[in-house]
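Text of run_27.txt, listed as compact mmCIF, N, CA and C atoms:
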```txt
# COMPACT_ATOMS: atom_id res chain seq x y z
N GLU A 1 -10.87 8.45 22.15
CA GLU A 1 -9.86 9.51 22.20
C GLU A 1 -9.56 10.00 20.79
N VAL A 2 -9.62 11.31 20.63
CA VAL A 2 -9.32 11.91 19.33
C VAL A 2 -7.82 11.84 19.08
N GLN A 3 -7.45 11.35 17.91
CA GLN A 3 -6.05 11.36 17.48
C GLN A 3 -5.96 11.94 16.09
N LEU A 4 -4.99 12.82 15.91
CA LEU A 4 -4.69 13.43 14.62
C LEU A 4 -3.20 13.29 14.39
N VAL A 5 -2.81 12.57 13.35
CA VAL A 5 -1.40 12.28 13.11
C VAL A 5 -0.98 12.82 11.75
N GLU A 6 -0.14 13.85 11.79
CA GLU A 6 0.33 14.47 10.56
C GLU A 6 1.59 13.77 10.04
N SER A 7 1.78 13.82 8.73
CA SER A 7 2.99 13.31 8.11
C SER A 7 3.22 14.04 6.79
N GLY A 8 4.42 13.84 6.23
CA GLY A 8 4.70 14.41 4.92
C GLY A 8 5.61 15.62 4.93
N GLY A 9 5.96 16.11 6.11
CA GLY A 9 6.84 17.25 6.18
C GLY A 9 8.26 16.88 5.77
N GLY A 10 9.10 17.91 5.66
CA GLY A 10 10.49 17.68 5.29
C GLY A 10 11.15 18.94 4.80
N LEU A 11 12.31 18.75 4.18
CA LEU A 11 13.08 19.86 3.63
C LEU A 11 12.82 19.94 2.13
N VAL A 12 12.50 21.13 1.66
CA VAL A 12 12.21 21.33 0.24
C VAL A 12 12.83 22.65 -0.20
N GLN A 13 13.24 22.72 -1.45
CA GLN A 13 13.81 23.96 -1.98
C GLN A 13 12.71 24.98 -2.31
N PRO A 14 13.04 26.24 -2.27
CA PRO A 14 12.06 27.26 -2.69
C PRO A 14 11.52 26.96 -4.08
N GLY A 15 10.22 27.12 -4.22
CA GLY A 15 9.55 26.80 -5.47
C GLY A 15 9.07 25.37 -5.56
N GLY A 16 9.47 24.55 -4.60
CA GLY A 16 9.08 23.15 -4.61
C GLY A 16 7.69 22.90 -4.04
N SER A 17 7.35 21.61 -3.96
CA SER A 17 6.03 21.19 -3.50
C SER A 17 6.14 20.11 -2.44
N LEU A 18 5.15 20.06 -1.59
CA LEU A 18 4.99 18.99 -0.60
C LEU A 18 3.51 18.75 -0.40
N THR A 19 3.18 17.52 -0.04
CA THR A 19 1.81 17.20 0.36
C THR A 19 1.82 16.64 1.77
N LEU A 20 1.10 17.29 2.65
CA LEU A 20 0.94 16.83 4.02
C LEU A 20 -0.33 16.00 4.14
N SER A 21 -0.27 15.01 5.02
CA SER A 21 -1.44 14.18 5.31
C SER A 21 -1.71 14.20 6.81
N CYS A 22 -2.96 13.99 7.16
CA CYS A 22 -3.36 13.91 8.56
C CYS A 22 -4.40 12.80 8.67
N VAL A 23 -4.05 11.75 9.39
CA VAL A 23 -4.97 10.64 9.60
C VAL A 23 -5.67 10.84 10.93
N ALA A 24 -6.99 10.82 10.89
CA ALA A 24 -7.81 11.07 12.08
C ALA A 24 -8.42 9.79 12.60
N SER A 25 -8.59 9.72 13.92
CA SER A 25 -9.28 8.59 14.54
C SER A 25 -9.91 9.05 15.85
N GLY A 26 -10.84 8.25 16.34
CA GLY A 26 -11.47 8.55 17.61
C GLY A 26 -12.70 9.42 17.54
N PHE A 27 -13.11 9.78 16.33
CA PHE A 27 -14.34 10.56 16.16
C PHE A 27 -14.85 10.33 14.74
N ILE A 28 -16.06 10.78 14.47
CA ILE A 28 -16.66 10.61 13.14
C ILE A 28 -16.13 11.72 12.25
N PHE A 29 -15.09 11.38 11.50
CA PHE A 29 -14.34 12.36 10.71
C PHE A 29 -15.25 13.17 9.78
N SER A 30 -16.21 12.49 9.16
CA SER A 30 -17.06 13.16 8.17
C SER A 30 -18.05 14.14 8.80
N GLY A 31 -18.08 14.18 10.13
CA GLY A 31 -19.00 15.07 10.81
C GLY A 31 -18.43 16.41 11.21
N TYR A 32 -17.16 16.64 10.86
CA TYR A 32 -16.50 17.85 11.35
C TYR A 32 -15.72 18.56 10.25
N ALA A 33 -15.76 19.89 10.32
CA ALA A 33 -14.84 20.67 9.51
C ALA A 33 -13.43 20.49 10.09
N MET A 34 -12.44 20.66 9.22
CA MET A 34 -11.05 20.47 9.61
C MET A 34 -10.21 21.64 9.10
N SER A 35 -9.10 21.87 9.78
CA SER A 35 -8.22 22.97 9.40
C SER A 35 -6.76 22.53 9.43
N TRP A 36 -5.96 23.28 8.68
CA TRP A 36 -4.50 23.23 8.80
C TRP A 36 -4.04 24.57 9.35
N GLY A 37 -3.10 24.48 10.27
CA GLY A 37 -2.47 25.68 10.80
C GLY A 37 -0.97 25.50 10.80
N ARG A 38 -0.25 26.58 11.07
CA ARG A 38 1.20 26.49 11.13
C ARG A 38 1.76 27.48 12.15
N GLN A 39 2.91 27.14 12.66
CA GLN A 39 3.58 28.03 13.59
C GLN A 39 5.05 28.12 13.22
N ALA A 40 5.45 29.31 12.80
CA ALA A 40 6.84 29.56 12.43
C ALA A 40 7.63 29.90 13.69
N PRO A 41 8.94 29.73 13.65
CA PRO A 41 9.76 30.03 14.82
C PRO A 41 9.54 31.46 15.30
N GLY A 42 9.24 31.60 16.58
CA GLY A 42 9.07 32.91 17.17
C GLY A 42 7.77 33.60 16.85
N LYS A 43 6.85 32.90 16.19
CA LYS A 43 5.57 33.51 15.80
C LYS A 43 4.40 32.72 16.36
N GLY A 44 3.23 33.31 16.30
CA GLY A 44 2.04 32.66 16.79
C GLY A 44 1.48 31.66 15.79
N LEU A 45 0.47 30.92 16.23
CA LEU A 45 -0.16 29.93 15.38
C LEU A 45 -1.08 30.63 14.37
N GLU A 46 -0.92 30.27 13.10
CA GLU A 46 -1.70 30.85 12.02
C GLU A 46 -2.55 29.75 11.38
N TRP A 47 -3.86 29.94 11.35
CA TRP A 47 -4.73 28.97 10.69
C TRP A 47 -4.81 29.35 9.21
N ILE A 48 -4.38 28.45 8.35
CA ILE A 48 -4.19 28.81 6.95
C ILE A 48 -5.22 28.22 6.00
N ALA A 49 -5.92 27.15 6.39
CA ALA A 49 -6.88 26.53 5.48
C ALA A 49 -7.91 25.76 6.28
N THR A 50 -9.14 25.85 5.83
CA THR A 50 -10.26 25.14 6.46
C THR A 50 -11.12 24.51 5.39
N ILE A 51 -11.65 23.33 5.69
CA ILE A 51 -12.53 22.63 4.76
C ILE A 51 -13.75 22.15 5.52
N ASN A 52 -14.91 22.21 4.90
CA ASN A 52 -16.12 21.79 5.60
C ASN A 52 -16.23 20.26 5.61
N GLU A 53 -17.30 19.76 6.19
CA GLU A 53 -17.41 18.33 6.46
C GLU A 53 -17.34 17.48 5.21
N TYR A 54 -17.91 17.99 4.12
CA TYR A 54 -17.99 17.18 2.89
C TYR A 54 -16.99 17.61 1.83
N GLY A 55 -16.19 18.62 2.14
CA GLY A 55 -15.16 19.06 1.20
C GLY A 55 -15.63 20.05 0.16
N GLY A 56 -16.87 20.50 0.25
CA GLY A 56 -17.39 21.39 -0.77
C GLY A 56 -17.04 22.84 -0.58
N THR A 57 -16.60 23.20 0.60
CA THR A 57 -16.26 24.60 0.90
C THR A 57 -14.88 24.66 1.54
N THR A 58 -14.05 25.52 1.00
CA THR A 58 -12.70 25.72 1.53
C THR A 58 -12.44 27.21 1.73
N ILE A 59 -11.64 27.50 2.71
CA ILE A 59 -11.26 28.88 3.03
C ILE A 59 -9.76 28.91 3.26
N TYR A 60 -9.10 29.95 2.73
CA TYR A 60 -7.65 30.05 2.84
C TYR A 60 -7.23 31.41 3.38
N ALA A 61 -6.14 31.41 4.12
CA ALA A 61 -5.52 32.67 4.49
C ALA A 61 -4.88 33.29 3.26
N ASP A 62 -4.80 34.61 3.25
CA ASP A 62 -4.21 35.29 2.10
C ASP A 62 -2.77 34.85 1.85
N SER A 63 -2.09 34.47 2.92
CA SER A 63 -0.67 34.10 2.80
C SER A 63 -0.45 32.84 1.97
N VAL A 64 -1.48 32.01 1.80
CA VAL A 64 -1.31 30.75 1.07
C VAL A 64 -2.28 30.61 -0.09
N LYS A 65 -3.19 31.54 -0.24
CA LYS A 65 -4.22 31.44 -1.28
C LYS A 65 -3.58 31.35 -2.66
N GLY A 66 -4.04 30.41 -3.45
CA GLY A 66 -3.50 30.21 -4.80
C GLY A 66 -2.30 29.28 -4.86
N ARG A 67 -1.71 28.97 -3.71
CA ARG A 67 -0.54 28.08 -3.67
C ARG A 67 -0.83 26.77 -2.95
N PHE A 68 -1.69 26.81 -1.93
CA PHE A 68 -2.00 25.62 -1.13
C PHE A 68 -3.42 25.17 -1.42
N THR A 69 -3.65 23.86 -1.32
CA THR A 69 -4.98 23.29 -1.49
C THR A 69 -5.27 22.30 -0.38
N ILE A 70 -6.35 22.53 0.33
CA ILE A 70 -6.80 21.61 1.38
C ILE A 70 -7.84 20.68 0.78
N SER A 71 -7.78 19.40 1.15
CA SER A 71 -8.76 18.43 0.67
C SER A 71 -8.90 17.33 1.71
N ARG A 72 -9.90 16.49 1.50
CA ARG A 72 -10.14 15.39 2.43
C ARG A 72 -10.74 14.21 1.71
N VAL A 73 -10.47 13.03 2.24
CA VAL A 73 -11.12 11.80 1.79
C VAL A 73 -11.76 11.18 3.02
N ASN A 74 -13.05 11.38 3.14
CA ASN A 74 -13.74 10.92 4.36
C ASN A 74 -13.69 9.40 4.51
N ALA A 75 -13.69 8.69 3.40
CA ALA A 75 -13.64 7.22 3.47
C ALA A 75 -12.33 6.73 4.07
N LYS A 76 -11.29 7.58 4.02
CA LYS A 76 -9.99 7.21 4.57
C LYS A 76 -9.67 7.96 5.85
N ASN A 77 -10.63 8.76 6.33
CA ASN A 77 -10.39 9.56 7.55
C ASN A 77 -9.11 10.39 7.43
N THR A 78 -8.89 10.95 6.26
CA THR A 78 -7.62 11.62 5.99
C THR A 78 -7.84 13.02 5.43
N LEU A 79 -7.06 13.95 5.96
CA LEU A 79 -7.03 15.34 5.52
C LEU A 79 -5.69 15.57 4.82
N TYR A 80 -5.71 16.40 3.78
CA TYR A 80 -4.49 16.67 3.02
C TYR A 80 -4.26 18.18 2.89
N LEU A 81 -2.98 18.52 2.68
CA LEU A 81 -2.62 19.89 2.31
C LEU A 81 -1.57 19.80 1.22
N GLN A 82 -1.96 20.16 0.00
CA GLN A 82 -1.03 20.22 -1.12
C GLN A 82 -0.42 21.61 -1.13
N MET A 83 0.90 21.68 -1.05
CA MET A 83 1.60 22.96 -0.97
C MET A 83 2.50 23.10 -2.19
N ASN A 84 2.25 24.12 -2.99
CA ASN A 84 3.04 24.40 -4.19
C ASN A 84 3.71 25.76 -4.06
N SER A 85 4.70 25.96 -4.91
CA SER A 85 5.42 27.25 -4.95
C SER A 85 5.86 27.68 -3.55
N LEU A 86 6.48 26.77 -2.85
CA LEU A 86 6.84 27.03 -1.46
C LEU A 86 7.91 28.11 -1.36
N LYS A 87 7.81 28.91 -0.30
CA LYS A 87 8.71 30.02 -0.03
C LYS A 87 9.40 29.80 1.31
N PRO A 88 10.55 30.42 1.51
CA PRO A 88 11.21 30.28 2.83
C PRO A 88 10.30 30.68 3.99
N GLU A 89 9.44 31.65 3.78
CA GLU A 89 8.54 32.08 4.84
C GLU A 89 7.43 31.08 5.15
N ASP A 90 7.34 30.01 4.37
CA ASP A 90 6.40 28.93 4.69
C ASP A 90 7.01 27.95 5.70
N THR A 91 8.27 28.13 6.06
CA THR A 91 8.90 27.26 7.05
C THR A 91 8.17 27.37 8.38
N ALA A 92 7.72 26.21 8.89
CA ALA A 92 6.93 26.19 10.11
C ALA A 92 6.64 24.75 10.49
N VAL A 93 6.10 24.59 11.69
CA VAL A 93 5.48 23.31 12.06
C VAL A 93 4.01 23.40 11.65
N TYR A 94 3.57 22.41 10.91
CA TYR A 94 2.20 22.39 10.38
C TYR A 94 1.34 21.42 11.18
N TYR A 95 0.17 21.88 11.56
CA TYR A 95 -0.76 21.11 12.38
C TYR A 95 -2.09 20.92 11.66
N CYS A 96 -2.69 19.76 11.84
CA CYS A 96 -4.09 19.63 11.45
C CYS A 96 -4.94 19.71 12.71
N ALA A 97 -6.17 20.12 12.53
CA ALA A 97 -7.03 20.35 13.68
C ALA A 97 -8.48 20.05 13.35
N LYS A 98 -9.18 19.62 14.35
CA LYS A 98 -10.62 19.36 14.28
C LYS A 98 -11.35 20.59 14.77
N ARG A 99 -12.38 20.97 14.04
CA ARG A 99 -13.13 22.16 14.40
C ARG A 99 -14.53 21.80 14.88
N LEU A 100 -15.05 22.67 15.73
CA LEU A 100 -16.46 22.63 16.10
C LEU A 100 -16.94 24.06 16.03
N GLY A 101 -17.61 24.37 14.93
CA GLY A 101 -17.97 25.77 14.70
C GLY A 101 -16.72 26.59 14.50
N ALA A 102 -16.62 27.68 15.23
CA ALA A 102 -15.47 28.56 15.12
C ALA A 102 -14.31 28.12 16.01
N SER A 103 -14.49 27.08 16.76
CA SER A 103 -13.47 26.66 17.73
C SER A 103 -12.66 25.48 17.23
N ILE A 104 -11.41 25.45 17.67
CA ILE A 104 -10.55 24.29 17.47
C ILE A 104 -10.67 23.42 18.70
N THR A 105 -11.04 22.16 18.53
CA THR A 105 -11.22 21.28 19.68
C THR A 105 -10.03 20.36 19.92
N ASP A 106 -9.31 20.01 18.85
CA ASP A 106 -8.17 19.11 18.97
C ASP A 106 -7.20 19.41 17.85
N ARG A 107 -5.92 19.17 18.09
CA ARG A 107 -4.95 19.29 17.03
C ARG A 107 -3.88 18.23 17.21
N GLY A 108 -3.15 17.95 16.14
CA GLY A 108 -2.12 16.94 16.17
C GLY A 108 -0.80 17.46 16.73
N GLN A 109 0.21 16.63 16.65
CA GLN A 109 1.53 17.00 17.18
C GLN A 109 2.34 17.84 16.20
N GLY A 110 1.94 17.82 14.95
CA GLY A 110 2.60 18.66 13.95
C GLY A 110 3.68 17.94 13.16
N THR A 111 3.98 18.51 11.99
CA THR A 111 5.05 18.01 11.14
C THR A 111 5.84 19.23 10.64
N GLN A 112 7.17 19.11 10.66
CA GLN A 112 8.02 20.23 10.32
C GLN A 112 8.17 20.35 8.80
N VAL A 113 7.99 21.55 8.31
CA VAL A 113 8.26 21.87 6.90
C VAL A 113 9.34 22.95 6.88
N THR A 114 10.42 22.68 6.18
CA THR A 114 11.51 23.63 6.05
C THR A 114 11.75 23.91 4.57
N VAL A 115 11.67 25.19 4.21
CA VAL A 115 11.89 25.60 2.82
C VAL A 115 13.20 26.37 2.77
N SER A 116 14.19 25.75 2.15
CA SER A 116 15.52 26.34 2.13
C SER A 116 16.33 25.76 0.98
N SER A 117 17.22 26.59 0.44
CA SER A 117 18.11 26.10 -0.60
C SER A 117 19.43 25.62 0.01
```
Just dump the structure as structure tokens.
Amino acid sequence: EVQLVESGGGLVQPGGSLTLSCVASGFIFSGYAMSWGRQAPGKGLEWIATINEYGGTTIYADSVKGRFTISRVNAKNTLYLQMNSLKPEDTAVYYCAKRLGASITDRGQGTQVTVSS
């Protein structure tokens, strides 16, 4: 059974930083590209960052480019999202997800990030 467990969310002031983690189990982590997505209140799910199987290729949505960094440590079955220069509009539930090609096959339960003074 695929499990994806996110952690690291919380309340942070504008301009602050947070690092999210996602521990994966139930599949060969190094064999799949992974993504981070988010869903703000009243809005749809937005996929904001993707990383390939070995971490050599990353893709970002324009909304987070230059501020967020996706990374992975395959030996630890762990995906990360380093978030800097956070803005109130980054407030959302953040999800990690397993990809198969262009499709999302599984995602975690999410972790709440709130950016507010």
With a distance cut-off of 8 Å and only C-alpha atoms, select the neighbouring residues of Lys87 in chain A, excluding the residue or stretch itself and same-chain residues fewer than 2 positions from it, and output the selection as a ChimeraX atom specification.
/A:14-15,85,89-91,115
Judged by only C-alpha atoms, the minimum distance to Val73 in chain A among A:Trp47, A:Glu53, A:Leu20, A:Val5 is found for A:Glu53
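Ranking A:Lys43, A:Leu86, A:Arg72, A:Thr57 by their shortest atom-to-atom distance to Leu18 in chain A, with all atoms listed in the file included, puts A:Leu86 first.
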Among A:Ser21, A:Tyr95, A:Arg67, A:Ser7, Tyr80 in chain A is approached most closely, using all atoms listed in the file, by A:Ser21
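Nearest to Lys76 in chain A of all the residues A:Cys22, A:Leu11, A:Ile59, A:Ser116 is A:Cys22, counting only N, CA and C atoms.
Atom pair CA of Gly56 in chain A / CA of Cys96 in chain A has a distance of 18.1 Å (rounded to one decimal).
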*Please return as a ChimeraX atom specification: the residues of chain A that backbone DSSP assigns to strand (DSSP E or B).*
/A:3-7,10-12,18-25,34-39,45-51,58-60,68-73,78-83,92-100,103-107,111-115
Could you give me the centre and size, in Å to one decimal, of an axis-aligned box around all listed atoms of range 65-83 of chain A with 3 Å added on every side, as JSON?
```
{"center_x": -5.6, "center_y": 19.1, "center_z": 1.3, "size_x": 22.2, "size_y": 30.8, "size_z": 18.4}
```
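You will find CA of Arg38 in chain A at 18.4 Å from CA of Gln13 in chain A.
Among the candidates A:Thr78, A:Glu1, A:Arg99, A:Ile28, the one nearest to Ala49 in chain A when counting only C-alpha atoms is A:Arg99.
Shortest atom-to-atom contact with Pro88 in chain A among A:Ser35, A:Phe27, A:Leu45, A:Thr114: A:Thr114, counting only N, CA and C atoms.
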Separating atom C of Thr69 in chain A from atom C of Asn52 in chain A, to the nearest tenth of an Å, is a gap of 12.7 Å
What are the DSSP helix (DSSP H, G or I) residues of range 14-90 of chain A, as a CSV table (one decimal) with N, CA and C atoms, keeping the file's coordinate frame?
```
chain,number,residue,atom,x,y,z
A,29,PHE,N,-15.1,11.4,11.5
A,29,PHE,CA,-14.3,12.4,10.7
A,29,PHE,C,-15.2,13.2,9.8
A,30,SER,N,-16.2,12.5,9.2
A,30,SER,CA,-17.1,13.2,8.2
A,30,SER,C,-18.0,14.1,8.8
A,31,GLY,N,-18.1,14.2,10.1
A,31,GLY,CA,-19.0,15.1,10.8
A,31,GLY,C,-18.4,16.4,11.2
A,74,ASN,N,-13.0,11.4,3.1
A,74,ASN,CA,-13.7,10.9,4.4
A,74,ASN,C,-13.7,9.4,4.5
A,75,ALA,N,-13.7,8.7,3.4
A,75,ALA,CA,-13.6,7.2,3.5
A,75,ALA,C,-12.3,6.7,4.1
A,76,LYS,N,-11.3,7.6,4.0
A,76,LYS,CA,-10.0,7.2,4.6
A,76,LYS,C,-9.7,8.0,5.8
A,88,PRO,N,10.6,30.4,1.5
A,88,PRO,CA,11.2,30.3,2.8
A,88,PRO,C,10.3,30.7,4.0
A,89,GLU,N,9.4,31.6,3.8
A,89,GLU,CA,8.5,32.1,4.8
A,89,GLU,C,7.4,31.1,5.2
A,90,ASP,N,7.3,30.0,4.4
A,90,ASP,CA,6.4,28.9,4.7
A,90,ASP,C,7.0,28.0,5.7
```
Would you mind listing what lies within 8 Å of Gly108 in chain A as a PyMOL selection string, with all atoms listed in the file counted and same-chain residues fewer than 3 positions away left out? chain A and resi 3-6+94-98+111
With N, CA and C atoms retained, could you export that selection as a PDB file, in the coordinates of the input?
```pdb
ATOM      1  N   GLN A   3      -7.450  11.350  17.910  1.00  0.00           N
ATOM      2  CA  GLN A   3      -6.050  11.360  17.480  1.00  0.00           C
ATOM      3  C   GLN A   3      -5.960  11.940  16.090  1.00  0.00           C
ATOM      4  N   LEU A   4      -4.990  12.820  15.910  1.00  0.00           N
ATOM      5  CA  LEU A   4      -4.690  13.430  14.620  1.00  0.00           C
ATOM      6  C   LEU A   4      -3.200  13.290  14.390  1.00  0.00           C
ATOM      7  N   VAL A   5      -2.810  12.570  13.350  1.00  0.00           N
ATOM      8  CA  VAL A   5      -1.400  12.280  13.110  1.00  0.00           C
ATOM      9  C   VAL A   5      -0.980  12.820  11.750  1.00  0.00           C
ATOM     10  N   GLU A   6      -0.140  13.850  11.790  1.00  0.00           N
ATOM     11  CA  GLU A   6       0.330  14.470  10.560  1.00  0.00           C
ATOM     12  C   GLU A   6       1.590  13.770  10.040  1.00  0.00           C
ATOM     13  N   TYR A  94       3.570  22.410  10.910  1.00  0.00           N
ATOM     14  CA  TYR A  94       2.200  22.390  10.380  1.00  0.00           C
ATOM     15  C   TYR A  94       1.340  21.420  11.180  1.00  0.00           C
ATOM     16  N   TYR A  95       0.170  21.880  11.560  1.00  0.00           N
ATOM     17  CA  TYR A  95      -0.760  21.110  12.380  1.00  0.00           C
ATOM     18  C   TYR A  95      -2.090  20.920  11.660  1.00  0.00           C
ATOM     19  N   CYS A  96      -2.690  19.760  11.840  1.00  0.00           N
ATOM     20  CA  CYS A  96      -4.090  19.630  11.450  1.00  0.00           C
ATOM     21  C   CYS A  96      -4.940  19.710  12.710  1.00  0.00           C
ATOM     22  N   ALA A  97      -6.170  20.120  12.530  1.00  0.00           N
ATOM     23  CA  ALA A  97      -7.030  20.350  13.680  1.00  0.00           C
ATOM     24  C   ALA A  97      -8.480  20.050  13.350  1.00  0.00           C
ATOM     25  N   LYS A  98      -9.180  19.620  14.350  1.00  0.00           N
ATOM     26  CA  LYS A  98     -10.620  19.360  14.280  1.00  0.00           C
ATOM     27  C   LYS A  98     -11.350  20.590  14.770  1.00  0.00           C
ATOM     28  N   THR A 111       3.980  18.510  11.990  1.00  0.00           N
ATOM     29  CA  THR A 111       5.050  18.010  11.140  1.00  0.00           C
ATOM     30  C   THR A 111       5.840  19.230  10.640  1.00  0.00           C
TER      31      THR A 111
END
```
